[in-house]
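Novice: Please read through the structure below; I'll follow up with questions.
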Amino acid sequence: MKLNTLFFAAVCAGTLFNSCVDKTAKENQLKYTHTTLVDGDAFSAFQKIGEAAQVGVIVAEHEEANGEAKSKEVAAKVKAYYAGLIPSLDTIARTVQIDFPIKGVPAPELTTAHATDSTASTNVKHTDYVHNAQHEIGLIKEQLTRLTRNTNKDLRAFAEKQVDIVSEVYKQIGGKEEAHSHH
């Protein structure tokens with residue numbers, strides 16, 4: 001009787017310890033080795049998208065506060081897009097074990113200095129922000145399009161969902177369908 005009880009207790013304990021080994025191993029793998037469940041292309045795309053989104057929010061907020069009317073309009077649309085993208089990136093990052101937010105993202109250089117000719121300065125700043133926003137959204141669109149062909153099914157589903165959204169934002173801020181391909 002005692003032998004059967006000890007055997008049963010050992011089996012239960014072994015099952016309990018084995019059930020959490022996989023989860024603990026995955027957590028330790030990410031924590032100590034920063035190894036992810038995606039390939040190099042997907043990791044690179046994730047870094048580019050994450051960096052563009054993190055920096056883009058800061059720049060859009062700055063432009064909303066200090067820009068021209070057209071820049072403010074574009075900044076509002078870009079900021080709204082990033083507000084939806086960043087939580088989605090965080091969710092998919094947890095699924096595929098990628099550290100998010102991306103560490104080491106450089107802070108954007110935001111200048112508010114005006115030249116003596118205020119109209120020339122604001123026109124240049126307006127053109128630069130709108131063009132840069134189109135470029136950044138085009139970069140994200142390109143990276144998400146590449147992710148739609150990835151072998152990881154979670155990333156593919158994420159990218160397919162996001163490509164339609166980013167394409168619409170790209171058109172709304174004045175981007176041409178093939179205009180970003182030369183960047």
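Each chain in the structure tokens gets a letter, A, B and so on, in the order shown; residues start at 1 in every chain, and ligands are counted from 1 in the order they appear.
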Quick one: everything within 8 Å of A:Asp154, counting only C-alpha atoms, minus sequence neighbours fewer than 2 positions away in the same chain. Send it as a list of chain:residue names.
Specialist: A:Ile92, A:Thr95, A:Val96, A:Asn152, A:Arg156, A:Ala157, A:Phe158
Novice: Keeping only C-alpha atoms, write the selected residues to a file as a PDB file, in the first residue's frame.
Specialist:
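Result file follows (again-v3.pdb):
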ATOM      1  CA  ILE A  92       2.457  39.592 -31.800  1.00  0.00           C
ATOM      2  CA  THR A  95       3.439  35.391 -29.412  1.00  0.00           C
ATOM      3  CA  VAL A  96       6.716  35.010 -31.305  1.00  0.00           C
ATOM      4  CA  ASN A 152       5.385  31.892 -39.468  1.00  0.00           C
ATOM      5  CA  ARG A 156       1.490  36.142 -41.811  1.00  0.00           C
ATOM      6  CA  ALA A 157      -1.960  36.637 -40.279  1.00  0.00           C
ATOM      7  CA  PHE A 158      -0.809  39.798 -38.488  1.00  0.00           C
TER       8      PHE A 158
END
Novice: Write out, as CSV, each residue of stretch 126-174 of chain A that has an atom at most 10 Å from stretch 52-70 of chain A, together with the closest pair of atoms and their distance in Å to one decimal, counting only C-alpha atoms, rows going by chain and rising number.
Specialist:
residue,atom,partner,partner_atom,distance
A:His126,CA,A:Glu68,CA,6.2
A:Thr127,CA,A:Lys70,CA,9.2
A:Tyr129,CA,A:Glu63,CA,7.8
A:Val130,CA,A:Lys70,CA,8.0
A:Asn132,CA,A:Gly56,CA,9.7
A:Ala133,CA,A:Gly56,CA,7.9
A:Glu136,CA,A:Ala52,CA,6.5
A:Ile137,CA,A:Ala52,CA,8.3
A:Leu139,CA,A:Ala52,CA,8.4
A:Ile140,CA,A:Ala52,CA,7.5
A:Ile173,CA,A:Lys70,CA,9.4
Novice: Can you list, as a list in words, every protein, DNA or RNA residue that comes within 10 Å of A:Asp41 when you count only C-alpha atoms, leaving out same-chain residues fewer than 4 positions away?
Specialist: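 Counting only the stated atoms, we get Ala45, Phe46, Gln47, Gln143, Arg146, Leu147 and Asn150 of chain A.
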Novice: Identify which of the residues A:Ala75, A:Leu144, A:Ala80, A:Leu3 lies closest to A:Lys48, counting only C-alpha atoms when measuring atom-to-atom distances.
Specialist: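 For A:Lys48, the nearest of the candidates is A:Leu144.
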Novice: Point out the residue among A:Lys153, A:Lys176, A:His135, A:Lys77 with the least atom-to-atom distance to A:Ala42, counting only C-alpha atoms.
Specialist: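 Nearest candidate to A:Ala42 out of A:Lys153, A:Lys176, A:His135, A:Lys77: A:Lys153.
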Novice: Quick check, in Å to one decimal: how far apart do atom CA of A:Gly40 and atom CA of A:Gln134 lie?
Specialist: 26.0 Å
Novice: Please indicate the distance in Å from atom CA of A:Ser44 to atom CA of A:Ser71, rounded to one decimal place.
Specialist: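 We find that atom CA of A:Ser44 and atom CA of A:Ser71 lie 29.4 Å from each other.
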Novice: Suppose you want the space between atom CA of A:Val38 and atom CA of A:Leu155; what is it in Å?
Specialist: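 So the two atoms, atom CA of A:Val38 and atom CA of A:Leu155, lie 8.7 Å apart.
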